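Student: My structure file work-v9.pdb, PDB, C-alpha atoms, is below:
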ATOM      1  CA  MET F  16    -217.583 -60.798   2.732
ATOM      2  CA  PHE F  17    -215.270 -58.196   1.302
ATOM      3  CA  ARG F  18    -212.570 -56.746   3.504
ATOM      4  CA  LEU F  19    -210.121 -53.882   3.276
ATOM      5  CA  LEU F  20    -207.023 -55.916   3.903
ATOM      6  CA  LEU F  21    -204.087 -53.577   3.841
ATOM      7  CA  VAL F  22    -202.977 -49.974   4.023
ATOM      8  CA  ALA F  23    -199.470 -49.902   2.592
ATOM      9  CA  CYS F  24    -196.800 -48.278   4.754
ATOM     10  CA  LEU F  25    -194.687 -45.471   3.376
ATOM     11  CA  PHE F  26    -191.538 -46.631   5.101
ATOM     12  CA  VAL F  27    -190.344 -49.106   2.489
ATOM     13  CA  SER F  28    -186.687 -50.090   2.514
ATOM     14  CA  GLY F  29    -184.665 -49.060  -0.495
ATOM     15  CA  ILE F  30    -186.893 -46.159  -1.506
ATOM     16  CA  CYS F  31    -185.217 -42.779  -1.807
ATOM     17  CA  TYR F  32    -186.964 -39.455  -1.173
ATOM     18  CA  ALA F  33    -185.711 -36.543  -3.235
ATOM     19  CA  ASP F  34    -185.874 -32.868  -2.317
ATOM     20  CA  ASP F  35    -189.151 -30.935  -2.033
ATOM     21  CA  ASP F  36    -191.274 -34.033  -1.370
ATOM     22  CA  TYR F  37    -190.345 -35.625  -4.675
ATOM     23  CA  ILE F  38    -190.096 -39.423  -4.467
ATOM     24  CA  ARG F  39    -187.385 -41.217  -6.420
ATOM     25  CA  VAL F  40    -188.732 -44.351  -8.073
ATOM     26  CA  THR F  41    -187.775 -46.714 -10.880
ATOM     27  CA  GLY F  42    -190.200 -48.036 -13.479
ATOM     28  CA  ARG F  43    -189.908 -50.800 -16.041
ATOM     29  CA  GLY F  44    -191.761 -51.504 -19.258
ATOM     30  CA  LYS F  45    -191.511 -52.546 -22.871
ATOM     31  CA  THR F  46    -191.613 -48.883 -23.908
ATOM     32  CA  GLU F  47    -190.661 -45.600 -22.259
ATOM     33  CA  SER F  48    -194.357 -44.809 -21.824
ATOM     34  CA  GLU F  49    -194.953 -48.114 -19.996
ATOM     35  CA  ALA F  50    -191.899 -47.538 -17.799
ATOM     36  CA  LYS F  51    -193.131 -44.061 -16.859
ATOM     37  CA  SER F  52    -196.583 -45.404 -16.005
ATOM     38  CA  ASP F  53    -195.006 -48.084 -13.835
ATOM     39  CA  ALA F  54    -192.944 -45.445 -12.003
ATOM     40  CA  PHE F  55    -195.979 -43.189 -11.524
ATOM     41  CA  HIS F  56    -197.951 -46.094 -10.075
ATOM     42  CA  GLU F  57    -195.145 -46.903  -7.662
ATOM     43  CA  ALA F  58    -194.787 -43.275  -6.563
ATOM     44  CA  VAL F  59    -198.509 -42.823  -5.877
ATOM     45  CA  GLN F  60    -198.712 -45.967  -3.768
ATOM     46  CA  LEU F  61    -195.596 -45.024  -1.791
ATOM     47  CA  LYS F  62    -196.786 -41.472  -1.142
ATOM     48  CA  ILE F  63    -200.487 -42.097  -0.485
ATOM     49  CA  GLY F  64    -200.606 -45.756   0.461
ATOM     50  CA  ALA F  65    -202.550 -48.570  -1.163
ATOM     51  CA  ILE F  66    -205.891 -49.908  -0.020
ATOM     52  CA  VAL F  67    -206.546 -53.493  -1.025
ATOM     53  CA  LEU F  68    -210.075 -54.864  -1.214
ATOM     54  CA  SER F  69    -210.295 -58.620  -1.573
ATOM     55  CA  GLU F  70    -213.166 -61.037  -2.015
ATOM     56  CA  GLN F  71    -212.581 -64.685  -1.360
ATOM     57  CA  GLU F  72    -215.051 -67.501  -1.611
ATOM     58  CA  SER F  73    -214.209 -71.032  -0.576
ATOM     59  CA  SER F  74    -216.131 -74.178  -1.335
ATOM     60  CA  LEU F  75    -215.208 -77.730  -0.429
ATOM     61  CA  ASN F  76    -211.910 -76.471   1.000
ATOM     62  CA  SER F  77    -210.805 -75.048  -2.351
ATOM     63  CA  LEU F  78    -210.534 -71.410  -3.357
ATOM     64  CA  ASP F  79    -213.142 -70.586  -5.981
ATOM     65  CA  LYS F  80    -212.488 -66.883  -6.346
ATOM     66  CA  ASN F  81    -209.883 -64.400  -5.240
ATOM     67  CA  ASP F  82    -210.668 -60.976  -6.620
ATOM     68  CA  VAL F  83    -208.398 -58.157  -5.553
ATOM     69  CA  SER F  84    -208.656 -54.455  -6.295
ATOM     70  CA  VAL F  85    -205.951 -51.971  -5.333
ATOM     71  CA  TYR F  86    -206.671 -48.268  -4.969
ATOM     72  CA  SER F  87    -204.477 -45.268  -4.168
ATOM     73  CA  ALA F  88    -206.077 -41.831  -3.881
ATOM     74  CA  GLY F  89    -203.365 -39.760  -5.536
ATOM     75  CA  TYR F  90    -202.006 -38.537  -8.859
ATOM     76  CA  VAL F  91    -198.773 -37.135 -10.295
ATOM     77  CA  THR F  92    -198.394 -33.358 -10.564
ATOM     78  CA  ASP F  93    -194.737 -33.121 -11.626
ATOM     79  CA  TYR F  94    -191.699 -35.283 -12.278
ATOM     80  CA  LYS F  95    -188.048 -35.141 -13.306
ATOM     81  CA  ILE F  96    -186.410 -37.881 -15.340
ATOM     82  CA  ILE F  97    -183.078 -38.835 -13.768
ATOM     83  CA  SER F  98    -181.965 -41.621 -16.093
ATOM     84  CA  THR F  99    -183.215 -43.913 -18.840
ATOM     85  CA  SER F 100    -181.672 -47.188 -19.979
ATOM     86  CA  VAL F 101    -182.529 -50.325 -21.936
ATOM     87  CA  VAL F 102    -181.762 -53.721 -20.428
ATOM     88  CA  HIS F 103    -182.779 -56.971 -22.146
ATOM     89  CA  ASP F 104    -185.432 -55.267 -24.298
ATOM     90  CA  SER F 105    -186.916 -53.514 -21.267
ATOM     91  CA  VAL F 106    -186.878 -49.765 -20.684
ATOM     92  CA  ILE F 107    -185.796 -48.792 -17.161
ATOM     93  CA  ILE F 108    -186.455 -45.229 -16.094
ATOM     94  CA  THR F 109    -185.582 -43.509 -12.813
ATOM     95  CA  MET F 110    -187.598 -40.428 -11.892
ATOM     96  CA  ASP F 111    -188.233 -37.952  -9.103
ATOM     97  CA  VAL F 112    -192.024 -37.779  -8.863
ATOM     98  CA  LEU F 113    -194.262 -35.303  -7.038
ATOM     99  CA  VAL F 114    -197.585 -36.779  -5.904
ATOM    100  CA  ASN F 115    -200.684 -35.018  -4.603
ATOM    101  CA  PRO F 116    -203.683 -36.634  -2.940
ATOM    102  CA  SER F 117    -206.812 -36.740  -5.099
ATOM    103  CA  LYS F 118    -209.142 -36.021  -2.168
ATOM    104  CA  LEU F 119    -209.475 -32.338  -3.031
ATOM    105  CA  LEU F 120    -212.543 -30.134  -3.175
ATOM    106  CA  ASN F 121    -211.581 -28.736  -6.552
ATOM    107  CA  GLN F 122    -209.244 -30.761  -8.720
ATOM    108  CA  THR F 123    -206.375 -28.496  -9.791
ATOM    109  CA  LEU F 124    -204.053 -30.935 -11.481
ATOM    110  CA  SER F 125    -201.228 -28.521 -12.225
ATOM    111  CA  ARG F 126    -200.324 -24.837 -12.040
ATOM    112  CA  GLY F 127    -198.155 -22.639 -14.202
ATOM    113  CA  GLY F 128    -194.874 -21.256 -12.947
ATOM    114  CA  LYS F 129    -193.558 -17.713 -13.091
ATOM    115  CA  THR F 130    -193.173 -17.851 -16.858
ATOM    116  CA  GLN F 131    -196.698 -17.728 -18.202
ATOM    117  CA  ASP F 132    -195.792 -18.228 -21.862
ATOM    118  CA  TYR F 133    -194.246 -21.681 -21.342
ATOM    119  CA  MET F 134    -196.211 -24.847 -20.703
ATOM    120  CA  GLU F 135    -194.854 -28.379 -20.433
ATOM    121  CA  GLY F 136    -197.718 -30.006 -22.266
ATOM    122  CA  TYR F 137    -196.389 -33.548 -21.936
ATOM    123  CA  LYS F 138    -196.335 -33.185 -18.141
ATOM    124  CA  ILE F 139    -199.873 -31.814 -18.114
ATOM    125  CA  GLY F 140    -200.948 -34.814 -20.159
ATOM    126  CA  ASP F 141    -199.252 -37.216 -17.745
ATOM    127  CA  SER F 142    -200.858 -35.469 -14.752
ATOM    128  CA  VAL F 143    -204.331 -35.809 -16.249
ATOM    129  CA  ALA F 144    -203.632 -39.422 -17.233
ATOM    130  CA  THR F 145    -202.558 -40.433 -13.719
ATOM    131  CA  TYR F 146    -205.562 -38.669 -12.187
ATOM    132  CA  ARG F 147    -207.910 -40.535 -14.508
ATOM    133  CA  ALA F 148    -206.050 -43.778 -13.838
ATOM    134  CA  GLN F 149    -206.646 -43.517 -10.073
ATOM    135  CA  LYS F 150    -210.312 -42.718 -10.710
ATOM    136  CA  PHE F 151    -210.511 -45.840 -12.857
ATOM    137  CA  GLU F 152    -209.005 -47.839  -9.992
ATOM    138  CA  ALA F 153    -211.685 -46.346  -7.723
ATOM    139  CA  TYR F 154    -214.380 -47.594 -10.102
ATOM    140  CA  LYS F 155    -212.778 -51.045 -10.026
ATOM    141  CA  MET F 156    -212.733 -50.952  -6.232
ATOM    142  CA  LEU F 157    -216.486 -50.339  -6.152
ATOM    143  CA  ALA F 158    -217.110 -52.886  -8.892
ATOM    144  CA  VAL F 159    -215.578 -55.676  -6.795
ATOM    145  CA  VAL F 160    -218.523 -55.244  -4.417
ATOM    146  CA  LEU F 161    -221.237 -54.076  -6.796
ATOM    147  CA  ARG F 162    -220.922 -56.861  -9.322
ATOM    148  CA  THR F 163    -222.349 -59.249  -6.699
ATOM    149  CA  TYR F 164    -225.606 -57.243  -6.733
ATOM    150  CA  PRO F 165    -228.321 -58.384  -6.262
ATOM    151  CA  GLU F 166    -227.443 -62.026  -5.499
ATOM    152  CA  LYS F 167    -225.425 -61.214  -2.366
ATOM    153  CA  ALA F 168    -227.062 -57.899  -1.569
ATOM    154  CA  TYR F 169    -230.202 -59.424  -0.065
ATOM    155  CA  THR F 170    -231.261 -62.295   2.151
ATOM    156  CA  ILE F 171    -234.558 -64.064   1.692
ATOM    157  CA  LYS F 172    -236.410 -66.340   4.079
ATOM    158  CA  ILE F 173    -239.523 -68.316   3.249
ATOM    159  CA  LYS F 174    -242.266 -69.659   5.501
ATOM    160  CA  PRO F 175    -244.311 -72.847   5.040
ATOM    161  CA  TYR F 176    -246.172 -72.912   1.740
ATOM    162  CA  SER F 177    -249.867 -73.477   1.182
ATOM    163  CA  ILE F 178    -251.836 -74.962  -1.712
ATOM    164  CA  GLY F 179    -255.200 -73.663  -2.890
ATOM    165  CA  VAL F 180    -257.310 -73.295  -6.024
ATOM    166  CA  ASP F 181    -258.633 -70.235  -7.806
ATOM    167  CA  LYS F 182    -262.107 -69.720  -9.284
ATOM    168  CA  PHE F 183    -261.003 -71.512 -12.456
ATOM    169  CA  GLN F 184    -259.774 -74.508 -10.419
ATOM    170  CA  ASN F 185    -256.126 -73.789 -11.211
ATOM    171  CA  VAL F 186    -253.788 -74.820  -8.416
ATOM    172  CA  ILE F 187    -252.218 -71.880  -6.567
ATOM    173  CA  LEU F 188    -248.971 -72.417  -4.689
ATOM    174  CA  GLU F 189    -248.450 -69.650  -2.117
ATOM    175  CA  VAL F 190    -244.999 -69.081  -0.589
ATOM    176  CA  PRO F 191    -244.696 -66.346   2.074
ATOM    177  CA  TYR F 192    -241.296 -64.644   2.131
ATOM    178  CA  THR F 193    -239.325 -61.901   3.846
ATOM    179  CA  LEU F 194    -236.708 -60.018   1.826
ATOM    180  CA  LYS F 195    -234.012 -57.951   3.556
ATOM    181  CA  TRP F 196    -230.723 -56.283   2.780
ATOM    182  CA  ASN F 197    -227.690 -58.442   3.533
ATOM    183  CA  TYR F 198    -225.821 -56.429   6.170
ATOM    184  CA  ASP F 199    -222.484 -57.984   5.149
ATOM    185  CA  PHE F 200    -222.973 -56.588   1.639
ATOM    186  CA  LEU F 201    -223.791 -53.117   2.996
ATOM    187  CA  ALA F 202    -220.749 -53.218   5.295
ATOM    188  CA  SER F 203    -218.550 -54.086   2.314
ATOM    189  CA  LEU F 204    -220.120 -51.334   0.214
ATOM    190  CA  ASN F 205    -219.527 -48.856   3.050
ATOM    191  CA  GLU F 206    -215.856 -49.844   3.201
ATOM    192  CA  ALA F 207    -215.356 -49.466  -0.546
ATOM    193  CA  MET F 208    -217.218 -46.144  -0.766
ATOM    194  CA  LYS F 209    -215.301 -44.704   2.172
ATOM    195  CA  ALA F 210    -212.013 -45.736   0.537
ATOM    196  CA  VAL F 211    -212.774 -43.827  -2.678
ATOM    197  CA  GLU F 212    -214.589 -40.860  -1.096
ATOM    198  CA  ASP F 213    -213.434 -37.298  -1.709
ATOM    199  CA  ASN F 214    -212.952 -34.906   1.192
ATOM    200  CA  LYS F 215    -216.007 -33.660   3.049
ATOM    201  CA  PHE F 216    -217.511 -30.452   1.733
ATOM    202  CA  GLY F 217    -218.534 -27.524   3.912
ATOM    203  CA  TRP F 218    -221.860 -27.157   5.690
ATOM    204  CA  PHE F 219    -223.189 -24.789   3.028
ATOM    205  CA  GLU F 220    -221.553 -26.430   0.014
ATOM    206  CA  LYS F 221    -223.196 -29.442  -1.546
ATOM    207  CA  ALA F 222    -220.959 -32.004  -3.212
ATOM    208  CA  PRO F 223    -221.554 -32.666  -6.926
ATOM    209  CA  ALA F 224    -222.386 -36.293  -6.107
ATOM    210  CA  ASN F 225    -223.739 -37.812  -2.882
ATOM    211  CA  ALA F 226    -224.448 -41.296  -1.585
ATOM    212  CA  VAL F 227    -226.180 -42.230   1.679
ATOM    213  CA  ILE F 228    -226.284 -45.695   3.222
ATOM    214  CA  MET F 229    -228.498 -46.283   6.255
ATOM    215  CA  ALA F 230    -228.077 -49.638   7.942
ATOM    216  CA  LYS F 231    -228.102 -51.387  11.295
ATOM    217  CA  ASP F 232    -226.009 -54.393  12.206
ATOM    218  CA  PRO F 233    -228.486 -57.136  13.204
ATOM    219  CA  LYS F 234    -226.180 -58.001  16.124
ATOM    220  CA  ASP F 235    -226.229 -54.410  17.375
ATOM    221  CA  PHE F 236    -228.802 -53.097  19.860
ATOM    222  CA  LEU F 237    -228.299 -49.512  18.678
ATOM    223  CA  ILE F 238    -230.492 -47.744  16.163
ATOM    224  CA  GLY F 239    -227.968 -48.044  13.337
ATOM    225  CA  SER F 240    -225.823 -45.679  11.300
ATOM    226  CA  ARG F 241    -226.239 -43.176   8.494
ATOM    227  CA  ASN F 242    -223.147 -42.851   6.317
ATOM    228  CA  HIS F 243    -222.941 -39.972   3.859
ATOM    229  CA  TYR F 244    -220.292 -40.075   1.123
ATOM    230  CA  GLU F 245    -219.411 -37.074  -1.036
ATOM    231  CA  TYR F 246    -217.723 -37.102  -4.424
ATOM    232  CA  ASN F 247    -216.432 -34.594  -6.941
ATOM    233  CA  ASP F 248    -217.057 -37.143  -9.672
ATOM    234  CA  MET F 249    -220.668 -37.839 -10.656
ATOM    235  CA  SER F 250    -219.443 -40.984 -12.383
ATOM    236  CA  MET F 251    -219.195 -42.602  -8.952
ATOM    237  CA  ILE F 252    -222.960 -42.380  -8.542
ATOM    238  CA  SER F 253    -223.525 -43.490 -12.133
ATOM    239  CA  GLN F 254    -221.326 -46.507 -11.434
ATOM    240  CA  ILE F 255    -223.524 -47.620  -8.521
ATOM    241  CA  LYS F 256    -226.748 -47.035 -10.432
ATOM    242  CA  TYR F 257    -225.410 -49.013 -13.390
ATOM    243  CA  PHE F 258    -224.900 -52.106 -11.253
ATOM    244  CA  MET F 259    -228.352 -51.720  -9.681
ATOM    245  CA  SER F 260    -230.241 -51.259 -12.952
ATOM    246  CA  LYS F 261    -229.773 -52.182 -16.621
ATOM    247  CA  GLY F 262    -231.271 -55.633 -16.089
ATOM    248  CA  ARG F 263    -229.707 -56.179 -12.643
ATOM    249  CA  GLU F 264    -232.799 -55.115 -10.706
ATOM    250  CA  VAL F 265    -233.609 -57.533  -7.897
ATOM    251  CA  SER F 266    -236.033 -60.319  -8.763
ATOM    252  CA  LEU F 267    -237.239 -63.399  -6.876
ATOM    253  CA  LEU F 268    -236.893 -66.767  -8.614
ATOM    254  CA  LEU F 269    -239.057 -69.718  -7.546
ATOM    255  CA  THR F 270    -237.735 -73.113  -8.628
ATOM    256  CA  LEU F 271    -239.469 -76.471  -8.098
ATOM    257  CA  ARG F 272    -237.445 -79.687  -8.598
ATOM    258  CA  ASP F 273    -238.011 -83.435  -8.592
ATOM    259  CA  GLY F 274    -235.962 -86.136  -6.893
ATOM    260  CA  ASN F 275    -233.401 -86.090  -9.718
ATOM    261  CA  ASN F 276    -232.868 -82.346  -9.244
ATOM    262  CA  THR F 277    -234.629 -81.673 -12.548
ATOM    263  CA  LYS F 278    -236.415 -78.341 -12.836
ATOM    264  CA  LEU F 279    -240.166 -78.733 -13.018
ATOM    265  CA  TYR F 280    -241.137 -75.085 -12.587
ATOM    266  CA  ASN F 281    -239.126 -71.860 -12.858
ATOM    267  CA  SER F 282    -240.592 -68.363 -12.643
ATOM    268  CA  CYS F 283    -239.679 -64.852 -11.437
ATOM    269  CA  TRP F 284    -241.448 -62.139  -9.477
ATOM    270  CA  ILE F 285    -240.598 -58.462  -9.080
ATOM    271  CA  PRO F 286    -240.618 -57.470  -5.387
ATOM    272  CA  ALA F 287    -243.528 -55.263  -4.373
ATOM    273  CA  SER F 288    -241.127 -52.492  -3.331
ATOM    274  CA  LEU F 289    -239.882 -52.098  -6.905
ATOM    275  CA  ILE F 290    -243.343 -51.499  -8.317
ATOM    276  CA  GLY F 291    -244.470 -49.032  -5.649
ATOM    277  CA  ARG F 292    -246.704 -51.309  -3.566
ATOM    278  CA  LYS F 293    -244.331 -51.198  -0.604
ATOM    279  CA  SER F 294    -241.561 -48.891   0.656
ATOM    280  CA  SER F 295    -238.498 -49.042  -1.554
ATOM    281  CA  PHE F 296    -235.134 -50.517  -0.603
ATOM    282  CA  TYR F 297    -233.370 -47.578  -2.270
ATOM    283  CA  ASP F 298    -233.821 -44.277  -4.082
ATOM    284  CA  LEU F 299    -232.113 -43.843  -7.454
ATOM    285  CA  GLY F 300    -234.308 -40.964  -8.602
ATOM    286  CA  GLU F 301    -231.917 -38.017  -8.474
ATOM    287  CA  PRO F 302    -229.202 -37.979 -11.177
ATOM    288  CA  ASN F 303    -226.429 -36.993  -8.759
ATOM    289  CA  SER F 304    -227.408 -38.931  -5.640
ATOM    290  CA  ILE F 305    -228.385 -42.318  -4.302
ATOM    291  CA  ALA F 306    -229.859 -43.448  -0.991
ATOM    292  CA  ILE F 307    -229.883 -47.012   0.323
ATOM    293  CA  PHE F 308    -232.394 -47.817   3.057
ATOM    294  CA  GLY F 309    -230.586 -50.729   4.630
ATOM    295  CA  ASN F 310    -233.157 -51.325   7.371
ATOM    296  CA  GLN F 311    -236.000 -51.785   4.915
ATOM    297  CA  SER F 312    -237.591 -55.232   4.555
ATOM    298  CA  GLU F 313    -240.454 -56.664   2.536
ATOM    299  CA  THR F 314    -242.866 -59.378   3.617
ATOM    300  CA  ASP F 315    -245.187 -60.699   0.933
ATOM    301  CA  VAL F 316    -246.372 -63.872  -0.789
ATOM    302  CA  LEU F 317    -245.268 -65.450  -4.074
ATOM    303  CA  ARG F 318    -248.268 -66.947  -5.875
ATOM    304  CA  ALA F 319    -247.541 -69.523  -8.561
ATOM    305  CA  ARG F 320    -250.461 -70.597 -10.742
ATOM    306  CA  ILE F 321    -250.289 -74.151 -12.078
ATOM    307  CA  ASP F 322    -253.042 -74.901 -14.579
ATOM    308  CA  MET F 323    -254.689 -78.287 -14.986
ATOM    309  CA  LYS F 324    -252.534 -79.113 -18.013
ATOM    310  CA  HIS F 325    -249.392 -78.989 -15.817
ATOM    311  CA  GLU F 326    -250.794 -80.463 -12.609
ATOM    312  CA  TRP F 327    -248.672 -83.571 -13.165
ATOM    313  CA  ILE F 328    -245.641 -81.716 -11.793
ATOM    314  CA  LEU F 329    -247.286 -81.505  -8.354
ATOM    315  CA  ARG F 330    -246.851 -85.257  -7.875
ATOM    316  CA  LYS F 331    -243.143 -85.056  -8.710
ATOM    317  CA  ILE F 332    -242.051 -82.058  -6.577
ATOM    318  CA  THR F 333    -239.518 -82.899  -3.879
ATOM    319  CA  SER F 334    -237.855 -79.502  -3.294
ATOM    320  CA  MET F 335    -238.579 -75.811  -3.561
ATOM    321  CA  GLU F 336    -236.132 -72.896  -3.659
ATOM    322  CA  VAL F 337    -236.632 -69.143  -3.695
ATOM    323  CA  SER F 338    -233.523 -67.153  -4.612
ATOM    324  CA  VAL F 339    -232.532 -63.558  -5.371
ATOM    325  CA  VAL F 340    -231.419 -63.048  -8.970
ATOM    326  CA  PRO F 341    -230.957 -60.129 -11.391
ATOM    327  CA  ARG F 342    -233.912 -59.557 -13.674
ATOM    328  CA  SER F 343    -231.798 -60.493 -16.702
ATOM    329  CA  SER F 344    -231.439 -64.036 -15.280
ATOM    330  CA  CYS F 345    -235.192 -64.618 -15.154
ATOM    331  CA  PRO F 346    -236.687 -67.096 -17.616
ATOM    332  CA  ALA F 347    -238.233 -65.460 -20.665
TER     333      ALA F 347
END
Please express what this file holds, its structure, as structure tokens.
Tutor:
Amino acid sequence: MFRLLLVACLFVSGICYADDDYIRVTGRGKTESEAKSDAFHEAVQLKIGAIVLSEQESSLNSLDKNDVSVYSAGYVTDYKIISTSVVHDSVIITMDVLVNPSKLLNQTLSRGGKTQDYMEGYKIGDSVATYRAQKFEAYKMLAVVLRTYPEKAYTIKIKPYSIGVDKFQNVILEVPYTLKWNYDFLASLNEAMKAVEDNKFGWFEKAPANAVIMAKDPKDFLIGSRNHYEYNDMSMISQIKYFMSKGREVSLLLTLRDGNNTKLYNSCWIPASLIGRKSSFYDLGEPNSIAIFGNQSETDVLRARIDMKHEWILRKITSMEVSVVPRSSCPA
């Protein structure tokens, strides 16, 4: 399961705070541009704090995966270069940087001063660049969770199978199943979406983009929770929909194997909820919103037809597995 591991503290030894809330930081890079970006990144994390989302999977006592995404909800609005030097082919730049949080209702990245006929275009460009950079980090934060969809997003349980024949005397293997959301996945998605959420809008003002997750912890006796997340950026919703569509729609894969673990039969089914025969697990219909119905489940039967030409596999079957896979992983 994914966890928000750390909120970085602002009281870091050796960091100087300049006047008027400017933070003095030092950046390094191969070029002046890289050094500035490094300093901006440092300033944002020191001012706002860094949220770290990590996924770890262990198997056979060894670490298989350690994916980490770091996100800070802030951007640079102004800065003053204090010094620039070159040491061993690296540019070192010291700057006083002014950082604003990005959780604003209307993103005003910079304002003009008293002199209206003078604009520091390079600073405006840097302000926009750092704002977009933190949005990109927000997308990465969500992607750490979403890229496991649908494999880890659902749990599936099967009941004892039955064998029958149809009117053409083909063998029919029936496997009852129950498909549910994986609450651990929804809890992780809630954590990530809360981390990158913009401030709440007013009662009479609808956010440009909205996401709702309804879910109940199976261990909890209460009715469950309804979490509503609001965003200025419609790309956040597009990001979620991308990982839940484009060939990643949930499918159920039935695999039959022999004693040597060789595949004898491999076929996919689309859950009834995705084709309108049962209540859906989610609603992706509106362009600027998404709703996840985390308490929804589906109970149905997979029916595999094995014609007389392939009946020989029935004598060799030793194991059966039903798994959740993206549609793109289904056999052609």
Student: Expand the PyMOL selection byres ((chain F and resi 253-261) around 9) into the explicit residue set it covers here, and present it as a PDB file with C-alpha atoms, keeping the file's coordinate frame.
Tutor:
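Output file result-v6.pdb is given in full below:
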ATOM      1  CA  TYR F 154    -214.380 -47.594 -10.102  1.00  0.00           C
ATOM      2  CA  LEU F 157    -216.486 -50.339  -6.152  1.00  0.00           C
ATOM      3  CA  ALA F 158    -217.110 -52.886  -8.892  1.00  0.00           C
ATOM      4  CA  LEU F 161    -221.237 -54.076  -6.796  1.00  0.00           C
ATOM      5  CA  ARG F 162    -220.922 -56.861  -9.322  1.00  0.00           C
ATOM      6  CA  THR F 163    -222.349 -59.249  -6.699  1.00  0.00           C
ATOM      7  CA  TYR F 164    -225.606 -57.243  -6.733  1.00  0.00           C
ATOM      8  CA  PRO F 165    -228.321 -58.384  -6.262  1.00  0.00           C
ATOM      9  CA  MET F 249    -220.668 -37.839 -10.656  1.00  0.00           C
ATOM     10  CA  SER F 250    -219.443 -40.984 -12.383  1.00  0.00           C
ATOM     11  CA  MET F 251    -219.195 -42.602  -8.952  1.00  0.00           C
ATOM     12  CA  ILE F 252    -222.960 -42.380  -8.542  1.00  0.00           C
ATOM     13  CA  GLY F 262    -231.271 -55.633 -16.089  1.00  0.00           C
ATOM     14  CA  ARG F 263    -229.707 -56.179 -12.643  1.00  0.00           C
ATOM     15  CA  GLU F 264    -232.799 -55.115 -10.706  1.00  0.00           C
ATOM     16  CA  VAL F 265    -233.609 -57.533  -7.897  1.00  0.00           C
ATOM     17  CA  LEU F 299    -232.113 -43.843  -7.454  1.00  0.00           C
ATOM     18  CA  PRO F 302    -229.202 -37.979 -11.177  1.00  0.00           C
ATOM     19  CA  ASN F 303    -226.429 -36.993  -8.759  1.00  0.00           C
ATOM     20  CA  SER F 304    -227.408 -38.931  -5.640  1.00  0.00           C
ATOM     21  CA  ILE F 305    -228.385 -42.318  -4.302  1.00  0.00           C
ATOM     22  CA  PRO F 341    -230.957 -60.129 -11.391  1.00  0.00           C
ATOM     23  CA  ARG F 342    -233.912 -59.557 -13.674  1.00  0.00           C
ATOM     24  CA  SER F 343    -231.798 -60.493 -16.702  1.00  0.00           C
TER      25      SER F 343
END
Student: With the file shown as input, list the residues that the PyMOL selection byres ((chain F and resi 208) around 9) selects, as a ChimeraX atom specification.
Tutor: /F:153,156-157,203-207,209-212,226,244
Student: Output C-alpha atoms for every residue in that selection, as a short mmCIF file (atom, residue, chain, number, x, y, z; two decimals), in the frame of the given file.
Tutor:
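Written out: selection13.cif:
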data_model
loop_
_atom_site.label_atom_id
_atom_site.label_comp_id
_atom_site.auth_asym_id
_atom_site.auth_seq_id
_atom_site.Cartn_x
_atom_site.Cartn_y
_atom_site.Cartn_z
CA ALA F 153 -211.68 -46.35 -7.72
CA MET F 156 -212.73 -50.95 -6.23
CA LEU F 157 -216.49 -50.34 -6.15
CA SER F 203 -218.55 -54.09 2.31
CA LEU F 204 -220.12 -51.33 0.21
CA ASN F 205 -219.53 -48.86 3.05
CA GLU F 206 -215.86 -49.84 3.20
CA ALA F 207 -215.36 -49.47 -0.55
CA LYS F 209 -215.30 -44.70 2.17
CA ALA F 210 -212.01 -45.74 0.54
CA VAL F 211 -212.77 -43.83 -2.68
CA GLU F 212 -214.59 -40.86 -1.10
CA ALA F 226 -224.45 -41.30 -1.58
CA TYR F 244 -220.29 -40.08 1.12
#
Student: Can you pull out every residue within 10 Å of F:Glu336, counting all atoms listed in the file, but drop anything in the same chain fewer than 3 positions away, and send it as a list in words?
Tutor: Ile173, Leu268, Leu269, Thr270, Leu271, Arg272 and Asn281 of chain F
Student: Identify, on the basis of only C-alpha atoms, every residue whose closest approach to F:Ile171 does not exceed 12 Å; exclude the query and any residue fewer than 3 positions from it along the same chain; express the result as a compact mmCIF listing (two decimals) with C-alpha atoms, in the coordinates of the input.
Tutor:
# COMPACT_ATOMS: atom_id res chain seq x y z
CA PRO F 165 -228.32 -58.38 -6.26
CA GLU F 166 -227.44 -62.03 -5.50
CA LYS F 167 -225.42 -61.21 -2.37
CA ALA F 168 -227.06 -57.90 -1.57
CA LYS F 174 -242.27 -69.66 5.50
CA VAL F 190 -245.00 -69.08 -0.59
CA PRO F 191 -244.70 -66.35 2.07
CA TYR F 192 -241.30 -64.64 2.13
CA THR F 193 -239.32 -61.90 3.85
CA LEU F 194 -236.71 -60.02 1.83
CA LYS F 195 -234.01 -57.95 3.56
CA TRP F 196 -230.72 -56.28 2.78
CA ASN F 197 -227.69 -58.44 3.53
CA VAL F 265 -233.61 -57.53 -7.90
CA SER F 266 -236.03 -60.32 -8.76
CA LEU F 267 -237.24 -63.40 -6.88
CA LEU F 268 -236.89 -66.77 -8.61
CA LEU F 269 -239.06 -69.72 -7.55
CA PRO F 286 -240.62 -57.47 -5.39
CA SER F 312 -237.59 -55.23 4.56
CA GLU F 313 -240.45 -56.66 2.54
CA THR F 314 -242.87 -59.38 3.62
CA ASP F 315 -245.19 -60.70 0.93
CA GLU F 336 -236.13 -72.90 -3.66
CA VAL F 337 -236.63 -69.14 -3.70
CA SER F 338 -233.52 -67.15 -4.61
CA VAL F 339 -232.53 -63.56 -5.37
CA VAL F 340 -231.42 -63.05 -8.97
Student: Using only C-alpha atoms, collect all residues at a distance of at most 10 Å from (-191.4, -51.9, -14.4) as written in the file, then present them as a VMD selection string.
Tutor: chain F and resid 41 to 46 49 to 54 56 to 57 105 to 108
Student: Taking the file as shown, what set of residues would the PyMOL selection byres ((chain F and resi 277-280) around 12) give back, as a ChimeraX atom specification?
Tutor: /F:188,268-276,281-283,319-321,325-337,346
